[in-house]
$ cat work-v9.pdb   # PDB, C-alpha atoms, pLDDT in the B column
ATOM      1  CA  MET A   4     -19.388 -23.083   4.363  1.00 77.00           C
ATOM      2  CA  LYS A   5     -18.423 -19.826   2.725  1.00 94.00           C
ATOM      3  CA  LYS A   6     -16.782 -19.495  -0.681  1.00 97.00           C
ATOM      4  CA  LEU A   7     -14.491 -16.686  -1.784  1.00 98.00           C
ATOM      5  CA  PHE A   8     -14.051 -15.228  -5.265  1.00 98.00           C
ATOM      6  CA  ILE A   9     -11.030 -13.023  -5.857  1.00 98.00           C
ATOM      7  CA  SER A  10      -8.915 -11.983  -8.841  1.00 98.00           C
ATOM      8  CA  ASP A  11      -6.368  -9.705 -10.449  1.00 96.00           C
ATOM      9  CA  PHE A  12      -3.681  -9.734  -7.743  1.00 97.00           C
ATOM     10  CA  HIS A  13      -1.114  -8.600 -10.341  1.00 95.00           C
ATOM     11  CA  LEU A  14       1.802  -9.772  -8.234  1.00 97.00           C
ATOM     12  CA  GLY A  15       4.780  -7.842  -9.598  1.00 93.00           C
ATOM     13  CA  SER A  16       2.863  -4.570  -9.995  1.00 89.00           C
ATOM     14  CA  PRO A  17       3.889  -1.683  -7.717  1.00 86.00           C
ATOM     15  CA  LEU A  18       0.183  -1.121  -7.086  1.00 86.00           C
ATOM     16  CA  PHE A  19      -0.181  -4.427  -5.214  1.00 93.00           C
ATOM     17  CA  SER A  20      -0.014  -3.656  -1.489  1.00 93.00           C
ATOM     18  CA  LYS A  21      -2.375  -6.187   0.076  1.00 95.00           C
ATOM     19  CA  GLU A  22      -0.024  -9.084   0.791  1.00 97.00           C
ATOM     20  CA  ARG A  23      -0.886  -9.232   4.495  1.00 97.00           C
ATOM     21  CA  GLN A  24      -4.648  -9.100   3.886  1.00 97.00           C
ATOM     22  CA  VAL A  25      -4.495 -11.770   1.171  1.00 97.00           C
ATOM     23  CA  ALA A  26      -2.398 -14.048   3.382  1.00 97.00           C
ATOM     24  CA  GLN A  27      -5.019 -13.724   6.128  1.00 96.00           C
ATOM     25  CA  LEU A  28      -7.802 -14.721   3.720  1.00 96.00           C
ATOM     26  CA  PHE A  29      -5.973 -17.836   2.572  1.00 97.00           C
ATOM     27  CA  ASN A  30      -4.782 -18.772   6.068  1.00 95.00           C
ATOM     28  CA  CYS A  31      -8.188 -18.674   7.725  1.00 90.00           C
ATOM     29  CA  SER A  32     -10.528 -21.646   7.912  1.00 90.00           C
ATOM     30  CA  ASN A  33     -13.667 -19.654   7.040  1.00 92.00           C
ATOM     31  CA  TYR A  34     -13.730 -20.743   3.404  1.00 96.00           C
ATOM     32  CA  LYS A  35     -14.304 -24.195   1.991  1.00 95.00           C
ATOM     33  CA  GLU A  36     -13.309 -23.086  -1.505  1.00 98.00           C
ATOM     34  CA  ILE A  37     -11.460 -20.060  -2.892  1.00 98.00           C
ATOM     35  CA  TYR A  38     -11.592 -19.177  -6.583  1.00 98.00           C
ATOM     36  CA  ILE A  39      -8.903 -16.949  -8.100  1.00 98.00           C
ATOM     37  CA  LEU A  40     -10.216 -15.619 -11.407  1.00 98.00           C
ATOM     38  CA  GLY A  41      -7.000 -14.755 -13.200  1.00 97.00           C
ATOM     39  CA  ASP A  42      -4.016 -12.408 -13.335  1.00 97.00           C
ATOM     40  CA  ILE A  43      -2.566 -13.582 -10.051  1.00 98.00           C
ATOM     41  CA  ILE A  44       0.970 -13.120 -11.445  1.00 98.00           C
ATOM     42  CA  ASP A  45       1.698 -10.195 -13.750  1.00 93.00           C
ATOM     43  CA  THR A  46       4.307 -11.329 -16.261  1.00 93.00           C
ATOM     44  CA  TRP A  47       3.879  -8.034 -18.122  1.00 87.00           C
ATOM     45  CA  GLU A  48       5.440  -6.272 -15.135  1.00 87.00           C
ATOM     46  CA  ASP A  49       8.428  -8.505 -14.389  1.00 90.00           C
ATOM     47  CA  ASP A  50      10.001 -11.886 -15.005  1.00 95.00           C
ATOM     48  CA  VAL A  51       7.924 -14.650 -13.460  1.00 97.00           C
ATOM     49  CA  ASN A  52      10.878 -16.039 -11.502  1.00 97.00           C
ATOM     50  CA  ASN A  53      11.588 -12.634  -9.961  1.00 97.00           C
ATOM     51  CA  ILE A  54       7.942 -12.309  -8.954  1.00 98.00           C
ATOM     52  CA  CYS A  55       7.864 -15.788  -7.427  1.00 98.00           C
ATOM     53  CA  GLU A  56      11.002 -15.046  -5.429  1.00 98.00           C
ATOM     54  CA  ARG A  57       9.597 -11.753  -4.169  1.00 97.00           C
ATOM     55  CA  TYR A  58       6.268 -13.294  -3.143  1.00 98.00           C
ATOM     56  CA  GLU A  59       7.547 -16.690  -2.077  1.00 98.00           C
ATOM     57  CA  ALA A  60       5.886 -16.420   1.351  1.00 98.00           C
ATOM     58  CA  LEU A  61       2.477 -15.527  -0.096  1.00 98.00           C
ATOM     59  CA  ILE A  62       2.654 -18.294  -2.693  1.00 98.00           C
ATOM     60  CA  ARG A  63       3.471 -20.744   0.097  1.00 98.00           C
ATOM     61  CA  VAL A  64       0.435 -19.563   2.066  1.00 98.00           C
ATOM     62  CA  ILE A  65      -1.827 -20.091  -0.961  1.00 98.00           C
ATOM     63  CA  ASN A  66      -0.431 -23.568  -1.583  1.00 98.00           C
ATOM     64  CA  ASN A  67      -0.927 -24.502   2.075  1.00 98.00           C
ATOM     65  CA  SER A  68      -4.368 -22.963   2.485  1.00 97.00           C
ATOM     66  CA  PRO A  69      -6.942 -25.073   4.380  1.00 97.00           C
ATOM     67  CA  ALA A  70      -9.398 -24.186   1.594  1.00 97.00           C
ATOM     68  CA  LYS A  71      -9.585 -25.904  -1.773  1.00 98.00           C
ATOM     69  CA  ILE A  72      -8.037 -23.423  -4.237  1.00 98.00           C
ATOM     70  CA  PHE A  73      -9.012 -23.058  -7.898  1.00 98.00           C
ATOM     71  CA  ILE A  74      -7.048 -20.750 -10.211  1.00 98.00           C
ATOM     72  CA  ILE A  75      -8.345 -19.576 -13.591  1.00 98.00           C
ATOM     73  CA  LYS A  76      -5.600 -18.400 -15.933  1.00 98.00           C
ATOM     74  CA  GLY A  77      -5.658 -14.711 -16.899  1.00 97.00           C
ATOM     75  CA  ASN A  78      -4.025 -12.865 -19.776  1.00 92.00           C
ATOM     76  CA  HIS A  79      -1.202 -11.488 -17.592  1.00 93.00           C
ATOM     77  CA  ASP A  80      -0.425 -14.885 -16.054  1.00 97.00           C
ATOM     78  CA  PRO A  81       2.367 -17.187 -17.228  1.00 97.00           C
ATOM     79  CA  ASN A  82       1.382 -20.233 -19.288  1.00 97.00           C
ATOM     80  CA  ILE A  83      -0.855 -22.752 -17.614  1.00 97.00           C
ATOM     81  CA  ASN A  84       1.914 -25.328 -17.056  1.00 98.00           C
ATOM     82  CA  LYS A  85       4.003 -22.726 -15.244  1.00 98.00           C
ATOM     83  CA  LEU A  86       0.999 -21.764 -13.141  1.00 98.00           C
ATOM     84  CA  LYS A  87       0.458 -25.410 -12.214  1.00 98.00           C
ATOM     85  CA  PHE A  88       4.116 -25.706 -11.219  1.00 98.00           C
ATOM     86  CA  ILE A  89       4.017 -22.570  -9.032  1.00 98.00           C
ATOM     87  CA  PHE A  90       0.657 -23.359  -7.429  1.00 98.00           C
ATOM     88  CA  HIS A  91       1.184 -27.094  -7.179  1.00 98.00           C
ATOM     89  CA  SER A  92      -1.496 -27.613  -4.522  1.00 98.00           C
ATOM     90  CA  CYS A  93      -4.187 -25.782  -6.494  1.00 98.00           C
ATOM     91  CA  GLU A  94      -6.397 -26.754  -9.414  1.00 98.00           C
ATOM     92  CA  VAL A  95      -5.403 -24.552 -12.362  1.00 98.00           C
ATOM     93  CA  VAL A  96      -7.885 -24.265 -15.251  1.00 98.00           C
ATOM     94  CA  THR A  97      -9.012 -21.912 -18.040  1.00 97.00           C
ATOM     95  CA  ASN A  98     -12.567 -21.686 -16.666  1.00 98.00           C
ATOM     96  CA  LYS A  99     -14.650 -23.364 -13.994  1.00 98.00           C
ATOM     97  CA  GLU A 100     -18.277 -24.467 -13.667  1.00 98.00           C
ATOM     98  CA  ILE A 101     -19.989 -25.137 -10.341  1.00 97.00           C
ATOM     99  CA  ASP A 102     -23.510 -25.405  -8.919  1.00 96.00           C
ATOM    100  CA  LEU A 103     -24.669 -23.102  -6.139  1.00 95.00           C
ATOM    101  CA  ASN A 104     -28.083 -23.934  -4.704  1.00 92.00           C
ATOM    102  CA  ASP A 105     -29.037 -25.649  -7.990  1.00 93.00           C
ATOM    103  CA  LYS A 106     -27.885 -22.621 -10.019  1.00 96.00           C
ATOM    104  CA  LYS A 107     -25.321 -23.093 -12.763  1.00 98.00           C
ATOM    105  CA  VAL A 108     -22.309 -20.815 -12.316  1.00 98.00           C
ATOM    106  CA  ILE A 109     -19.553 -20.171 -14.860  1.00 98.00           C
ATOM    107  CA  MET A 110     -16.278 -18.554 -13.796  1.00 98.00           C
ATOM    108  CA  ILE A 111     -13.926 -16.988 -16.339  1.00 98.00           C
ATOM    109  CA  HIS A 112     -11.209 -14.345 -16.378  1.00 98.00           C
ATOM    110  CA  GLY A 113     -12.932 -12.267 -19.079  1.00 95.00           C
ATOM    111  CA  ASP A 114     -10.113 -11.178 -21.394  1.00 92.00           C
ATOM    112  CA  GLU A 115     -11.708 -13.123 -24.267  1.00 92.00           C
ATOM    113  CA  PHE A 116     -14.234 -10.283 -24.587  1.00 90.00           C
ATOM    114  CA  ASP A 117     -11.659  -7.484 -24.545  1.00 80.00           C
ATOM    115  CA  ASP A 118     -11.246  -6.361 -28.178  1.00 62.00           C
ATOM    116  CA  ILE A 119      -8.049  -4.459 -27.427  1.00 53.00           C
ATOM    117  CA  ILE A 120      -6.465  -7.576 -25.958  1.00 47.00           C
ATOM    118  CA  VAL A 121      -7.845  -9.989 -28.560  1.00 44.00           C
ATOM    119  CA  LYS A 122      -7.609  -7.915 -31.746  1.00 47.00           C
ATOM    120  CA  TYR A 123      -5.175  -5.121 -30.989  1.00 45.00           C
ATOM    121  CA  LEU A 124      -2.606  -6.597 -28.622  1.00 49.00           C
ATOM    122  CA  TRP A 125       0.112  -4.555 -30.352  1.00 45.00           C
ATOM    123  CA  ILE A 126      -1.546  -1.346 -29.122  1.00 51.00           C
ATOM    124  CA  THR A 127      -1.458  -2.669 -25.574  1.00 55.00           C
ATOM    125  CA  LYS A 128       2.198  -3.584 -25.927  1.00 55.00           C
ATOM    126  CA  LEU A 129       3.061  -0.105 -27.238  1.00 54.00           C
ATOM    127  CA  TRP A 130       1.198   1.586 -24.390  1.00 56.00           C
ATOM    128  CA  PHE A 131       2.533  -0.650 -21.644  1.00 59.00           C
ATOM    129  CA  PRO A 132       6.009   0.941 -21.193  1.00 60.00           C
ATOM    130  CA  VAL A 133       4.325   4.321 -20.553  1.00 57.00           C
ATOM    131  CA  HIS A 134       1.850   2.709 -18.165  1.00 57.00           C
ATOM    132  CA  TRP A 135       4.734   0.903 -16.390  1.00 56.00           C
ATOM    133  CA  VAL A 136       6.607   4.153 -15.739  1.00 58.00           C
ATOM    134  CA  LEU A 137       3.507   6.041 -14.595  1.00 57.00           C
ATOM    135  CA  GLU A 138       2.553   3.325 -12.101  1.00 59.00           C
ATOM    136  CA  ARG A 139       5.974   3.576 -10.502  1.00 58.00           C
ATOM    137  CA  VAL A 140       5.508   7.251  -9.784  1.00 55.00           C
ATOM    138  CA  GLY A 141       2.019   6.666  -8.410  1.00 56.00           C
ATOM    139  CA  ILE A 142      -0.059   7.690 -11.444  1.00 58.00           C
ATOM    140  CA  ASN A 143      -2.745   5.123 -12.269  1.00 59.00           C
ATOM    141  CA  ILE A 144      -3.956   6.275 -15.698  1.00 57.00           C
ATOM    142  CA  LYS A 145      -5.487   2.914 -16.628  1.00 60.00           C
ATOM    143  CA  GLY A 146      -7.548   2.729 -13.459  1.00 60.00           C
ATOM    144  CA  TYR A 147      -8.757   6.309 -13.941  1.00 59.00           C
ATOM    145  CA  LEU A 148      -9.762   5.650 -17.570  1.00 59.00           C
ATOM    146  CA  ARG A 149     -11.681   2.497 -16.599  1.00 61.00           C
ATOM    147  CA  GLU A 150     -13.686   4.418 -14.008  1.00 62.00           C
ATOM    148  CA  LEU A 151     -14.304   7.342 -16.388  1.00 58.00           C
ATOM    149  CA  PHE A 152     -15.498   5.107 -19.237  1.00 57.00           C
ATOM    150  CA  HIS A 153     -17.940   3.211 -17.061  1.00 57.00           C
ATOM    151  CA  SER A 154     -19.231   6.392 -15.466  1.00 59.00           C
ATOM    152  CA  ILE A 155     -19.901   8.021 -18.864  1.00 55.00           C
ATOM    153  CA  SER A 156     -21.479   4.826 -20.238  1.00 53.00           C
ATOM    154  CA  ALA A 157     -23.771   4.512 -17.259  1.00 54.00           C
ATOM    155  CA  LYS A 158     -24.925   8.137 -17.543  1.00 58.00           C
ATOM    156  CA  LYS A 159     -25.585   7.823 -21.282  1.00 55.00           C
ATOM    157  CA  GLN A 160     -27.850   4.871 -20.691  1.00 55.00           C
ATOM    158  CA  HIS A 161     -29.521   6.562 -17.722  1.00 55.00           C
ATOM    159  CA  LYS A 162     -28.570   3.579 -15.612  1.00 59.00           C
ATOM    160  CA  HIS A 163     -26.939   3.071 -12.272  1.00 54.00           C
ATOM    161  CA  TYR A 164     -23.161   2.678 -12.311  1.00 54.00           C
ATOM    162  CA  ASN A 165     -23.444  -1.002 -11.388  1.00 63.00           C
ATOM    163  CA  ASP A 166     -25.471  -1.995 -14.453  1.00 73.00           C
ATOM    164  CA  ILE A 167     -24.030  -3.804 -17.472  1.00 72.00           C
ATOM    165  CA  VAL A 168     -22.498  -0.933 -19.457  1.00 61.00           C
ATOM    166  CA  SER A 169     -19.332  -2.091 -21.229  1.00 79.00           C
ATOM    167  CA  ASP A 170     -19.076  -4.325 -24.295  1.00 84.00           C
ATOM    168  CA  ILE A 171     -16.931  -6.764 -22.302  1.00 88.00           C
ATOM    169  CA  GLU A 172     -19.715  -7.232 -19.758  1.00 91.00           C
ATOM    170  CA  LYS A 173     -22.456  -7.422 -22.377  1.00 91.00           C
ATOM    171  CA  GLU A 174     -20.623 -10.031 -24.437  1.00 93.00           C
ATOM    172  CA  ALA A 175     -19.886 -12.162 -21.371  1.00 95.00           C
ATOM    173  CA  VAL A 176     -23.544 -12.177 -20.329  1.00 95.00           C
ATOM    174  CA  LYS A 177     -24.626 -12.904 -23.906  1.00 95.00           C
ATOM    175  CA  LYS A 178     -22.262 -15.836 -24.425  1.00 96.00           C
ATOM    176  CA  TYR A 179     -23.067 -17.489 -21.109  1.00 97.00           C
ATOM    177  CA  SER A 180     -26.835 -16.907 -21.154  1.00 96.00           C
ATOM    178  CA  ASP A 181     -27.433 -20.586 -20.404  1.00 97.00           C
ATOM    179  CA  TYR A 182     -25.989 -20.093 -16.927  1.00 98.00           C
ATOM    180  CA  SER A 183     -27.655 -18.541 -13.900  1.00 98.00           C
ATOM    181  CA  ILE A 184     -24.562 -16.628 -12.777  1.00 98.00           C
ATOM    182  CA  VAL A 185     -21.432 -15.362 -14.549  1.00 98.00           C
ATOM    183  CA  VAL A 186     -18.452 -14.540 -12.338  1.00 98.00           C
ATOM    184  CA  MET A 187     -15.370 -12.893 -13.858  1.00 97.00           C
ATOM    185  CA  GLY A 188     -12.491 -10.498 -13.259  1.00 96.00           C
ATOM    186  CA  HIS A 189     -10.300  -8.666 -15.799  1.00 93.00           C
ATOM    187  CA  THR A 190     -12.092  -5.276 -15.807  1.00 90.00           C
ATOM    188  CA  HIS A 191     -10.952  -4.402 -12.253  1.00 89.00           C
ATOM    189  CA  LEU A 192     -14.448  -3.031 -11.612  1.00 88.00           C
ATOM    190  CA  SER A 193     -16.297  -4.983  -8.944  1.00 91.00           C
ATOM    191  CA  LYS A 194     -20.009  -5.446  -9.603  1.00 91.00           C
ATOM    192  CA  LEU A 195     -23.002  -7.391  -8.356  1.00 94.00           C
ATOM    193  CA  VAL A 196     -25.671  -6.995 -11.048  1.00 92.00           C
ATOM    194  CA  TYR A 197     -28.822  -8.953 -10.243  1.00 92.00           C
ATOM    195  CA  THR A 198     -30.886  -7.199 -12.936  1.00 87.00           C
ATOM    196  CA  SER A 199     -29.068  -8.984 -15.770  1.00 87.00           C
ATOM    197  CA  LYS A 200     -29.822 -12.495 -16.979  1.00 91.00           C
ATOM    198  CA  PRO A 201     -27.632 -14.247 -16.077  1.00 96.00           C
ATOM    199  CA  VAL A 202     -26.630 -12.467 -12.887  1.00 96.00           C
ATOM    200  CA  TYR A 203     -23.295 -10.732 -13.498  1.00 96.00           C
ATOM    201  CA  ILE A 204     -20.628 -10.660 -10.798  1.00 97.00           C
ATOM    202  CA  ASN A 205     -17.195  -9.102 -11.129  1.00 96.00           C
ATOM    203  CA  THR A 206     -14.576  -9.722  -8.473  1.00 97.00           C
ATOM    204  CA  GLY A 207     -12.767  -6.417  -9.001  1.00 93.00           C
ATOM    205  CA  SER A 208      -9.034  -6.453  -8.336  1.00 94.00           C
ATOM    206  CA  LEU A 209      -6.439  -6.115  -5.608  1.00 95.00           C
ATOM    207  CA  ILE A 210      -4.774  -3.066  -7.153  1.00 88.00           C
ATOM    208  CA  HIS A 211      -7.759  -0.843  -8.055  1.00 81.00           C
ATOM    209  CA  ASP A 212     -10.299  -0.523  -5.242  1.00 80.00           C
ATOM    210  CA  PRO A 213      -9.062  -3.740  -3.561  1.00 92.00           C
ATOM    211  CA  CYS A 214     -11.886  -6.152  -2.793  1.00 95.00           C
ATOM    212  CA  CYS A 215     -13.212  -9.669  -3.264  1.00 97.00           C
ATOM    213  CA  ILE A 216     -16.630 -11.355  -3.353  1.00 98.00           C
ATOM    214  CA  GLU A 217     -17.846 -13.632  -0.569  1.00 97.00           C
ATOM    215  CA  TYR A 218     -20.600 -16.210  -0.943  1.00 97.00           C
ATOM    216  CA  ASP A 219     -22.486 -17.444   2.106  1.00 96.00           C
ATOM    217  CA  ASN A 220     -25.852 -19.168   2.364  1.00 91.00           C
ATOM    218  CA  GLY A 221     -27.043 -18.095  -1.067  1.00 93.00           C
ATOM    219  CA  VAL A 222     -25.862 -14.483  -0.828  1.00 95.00           C
ATOM    220  CA  PHE A 223     -22.968 -12.740  -2.609  1.00 97.00           C
ATOM    221  CA  THR A 224     -21.334  -9.826  -0.757  1.00 97.00           C
ATOM    222  CA  LYS A 225     -18.540  -7.448  -1.700  1.00 95.00           C
ATOM    223  CA  LYS A 226     -15.750  -7.560   0.861  1.00 95.00           C
ATOM    224  CA  GLU A 227     -13.338  -4.607   1.031  1.00 94.00           C
ATOM    225  CA  LEU A 228      -9.675  -5.333   1.695  1.00 93.00           C
TER     226      LEU A 228
END
$ encode --input "work-v9.pdb" --output "C-alpha cells"
Amino acid sequence: MKKLFISDFHLGSPLFSKERQVAQLFNCSNYKEIYILGDIIDTWEDDVNNICERYEALIRVINNSPAKIFIIKGNHDPNINKLKFIFHSCEVVTNKEIDLNDKKVIMIHGDEFDDIIVKYLWITKLWFPVHWVLERVGINIKGYLRELFHSISAKKQHKHYNDIVSDIEKEAVKKYSDYSIVVMGHTHLSKLVYTSKPVYINTGSLIHDPCCIEYDNGVFTKKEL
C-alpha cells in the first residue's frame, strides 16, 4: 500500500490554512504508513497548549488515523515527551530508518545541518519577532528569501532548480551516504533529486507551497495540497 511523507505543518502559524486537506489525508485508508518529518507544532509561534486547543480536532484525526503514524521531532516542536503525550497513538522519534524495495531509507527533520539554527540561534531569536509580525499581515519574507537563495545558487552552478544547491542539502547527503534515500523537511522546499547519491527527497511544507510526497509501488510523487 501507499506511504505518505509530509512535514512542517507549523500549527500555530497564521500561514497554515490546510486543516481540511490534512484531515482528509489522515482520515483516508489509502496509506499504510504516514511519516511526519518534523515541525508539526510551532512552539515559536504560540504556547503549545493554545495550539493544541485550537487544533484539537485535527490532532484527534491524526491520533485516530487508520494508518500507522510516525512523527520525527523538528526544531519548532515541543520536547519529545510532550509530543508523545499529544500524539499518544503515534510513534514519536528523532529519526527513522526503513527499507523500501531493499533500499535503505533514512528520515530526518534536517535542522542539524542548518548553521543558523545550530550555531547562531540567537540571530534567529532576534529576527523572529519581526518575522512574526510580517506573517500576520501576509508578508512571507522567509519564504521569499528561501526561494531567492535557491534560485541564485542553482543559476550559479548552471544546474536545474531541483538539484542539490544549499549547504543543508549537501551536508545531509554527505552524512547519510550509506543510505539509498534521504528524506527530510525543514527547508520548506520540496525536491525529488534522483541525480544525487543518495537520492534526496524533501517533503516541502504546508505553509510554503503546500505539498507532500507519496510513495507507491517504488515511485515517489509530489502531491499538491
$ closest_residue --input "work-v9.pdb" --among "A:Gly113, A:Ile83, A:Glu48, A:Ser68" --to "Cys31 of chain A" --atoms "all atoms listed in the file"
A:Ser68
$ residues_around --input "work-v9.pdb" --residues "segment 34-44 of chain A" --least-positions-apart "4" --cutoff "8 Å" --atoms "only C-alpha atoms" --output "PyMOL selection string"
chain A and resi 4-15+51+54+69-81+110-112+187-189+206
$ atom_distance --input "work-v9.pdb" --atom1 "atom CA of Ser183 of chain A" --atom2 "atom CA of Glu94 of chain A"
23.2 Å
$ closest_residue --input "work-v9.pdb" --among "A:Val96, A:Leu28, A:Asn82, A:Arg63" --to "Ile216 of chain A" --atoms "only C-alpha atoms"
A:Leu28
$ atom_distance --input "work-v9.pdb" --atom1 "atom CA of Val64 of chain A" --atom2 "atom CA of Pro213 of chain A"
19.3 Å
$ axis_aligned_box --input "work-v9.pdb" --around "segment 58-66 of chain A" --padding-each-side "8 Å" --output "lines of an AutoDock Vina configuration file"
center_x = 2.9
center_y = -18.4
center_z = -0.5
size_x = 25.4
size_y = 26.3
size_z = 21.2
$ atom_distance --input "work-v9.pdb" --atom1 "atom CA of Thr190 of chain A" --atom2 "atom CA of Gly221 of chain A"
24.6 Å
$ resolve_selection --input "work-v9.pdb" --expression "the PyMOL selection byres ((chain A and resi 192) around 7)" --output "list in words"
Thr190, His191, Ser193, Lys194, Asn205 and Gly207 of chain A
$ resolve_selection --input "work-v9.pdb" --expression "the PyMOL selection byres ((chain A and resi 225) around 7)" --output "list in words"
Cys214, Cys215, Ile216, Glu217, Phe223, Thr224, Lys226 and Glu227 of chain A
$ closest_residue --input "work-v9.pdb" --among "A:Asp114, A:Ser180, A:Asp45, A:Asn220" --to "Phe19 of chain A" --atoms "all atoms listed in the file"
A:Asp45
$ closest_residue --input "work-v9.pdb" --among "A:Asp219, A:Ser16, A:Lys99, A:Ile89" --to "Asn33 of chain A" --atoms "all atoms listed in the file"
A:Asp219
$ residues_around --input "work-v9.pdb" --residues "Lys178 of chain A" --least-positions-apart "6" --cutoff "12 Å" --atoms "all atoms listed in the file" --output "list in words"
Ile109, Ile111, Gly113, Glu115, Phe116, Asp170, Ile171, Glu172, Ile184, Val185, Lys200 and Pro201 of chain A
$ closest_residue --input "work-v9.pdb" --among "A:Ile62, A:Ile101, A:Tyr218, A:Val186" --to "Ile204 of chain A" --atoms "all atoms listed in the file"
A:Val186
$ closest_residue --input "work-v9.pdb" --among "A:Val176, A:Ile210, A:Ala26, A:Leu228" --to "Val108 of chain A" --atoms "only C-alpha atoms"
A:Val176
$ decode --input "work-v9.pdb" --residues "segment 165-185 of chain A" --atoms "C-alpha atoms" --output "mmCIF file, in the first residue's frame"
data_model
loop_
_atom_site.group_PDB
_atom_site.id
_atom_site.type_symbol
_atom_site.label_atom_id
_atom_site.label_comp_id
_atom_site.auth_asym_id
_atom_site.auth_seq_id
_atom_site.Cartn_x
_atom_site.Cartn_y
_atom_site.Cartn_z
ATOM 1 C CA ASN A 165 15.790 20.875 -8.186
ATOM 2 C CA ASP A 166 19.452 19.902 -7.826
ATOM 3 C CA ILE A 167 21.336 19.857 -4.523
ATOM 4 C CA VAL A 168 22.304 23.522 -4.115
ATOM 5 C CA SER A 169 22.249 24.503 -0.435
ATOM 6 C CA ASP A 170 24.763 23.557 2.254
ATOM 7 C CA ILE A 171 21.951 21.981 4.286
ATOM 8 C CA GLU A 172 21.138 19.604 1.435
ATOM 9 C CA LYS A 173 24.775 18.853 0.653
ATOM 10 C CA GLU A 174 25.628 18.064 4.268
ATOM 11 C CA ALA A 175 22.593 15.801 4.653
ATOM 12 C CA VAL A 176 23.520 13.794 1.558
ATOM 13 C CA LYS A 177 27.154 13.625 2.679
ATOM 14 C CA LYS A 178 26.406 12.404 6.200
ATOM 15 C CA TYR A 179 23.927 9.752 5.101
ATOM 16 C CA SER A 180 25.855 8.486 2.064
ATOM 17 C CA ASP A 181 25.484 4.908 3.295
ATOM 18 C CA TYR A 182 21.753 5.076 2.607
ATOM 19 C CA SER A 183 19.974 4.798 -0.726
ATOM 20 C CA ILE A 184 17.466 7.562 0.018
ATOM 21 C CA VAL A 185 17.441 10.568 2.364
#
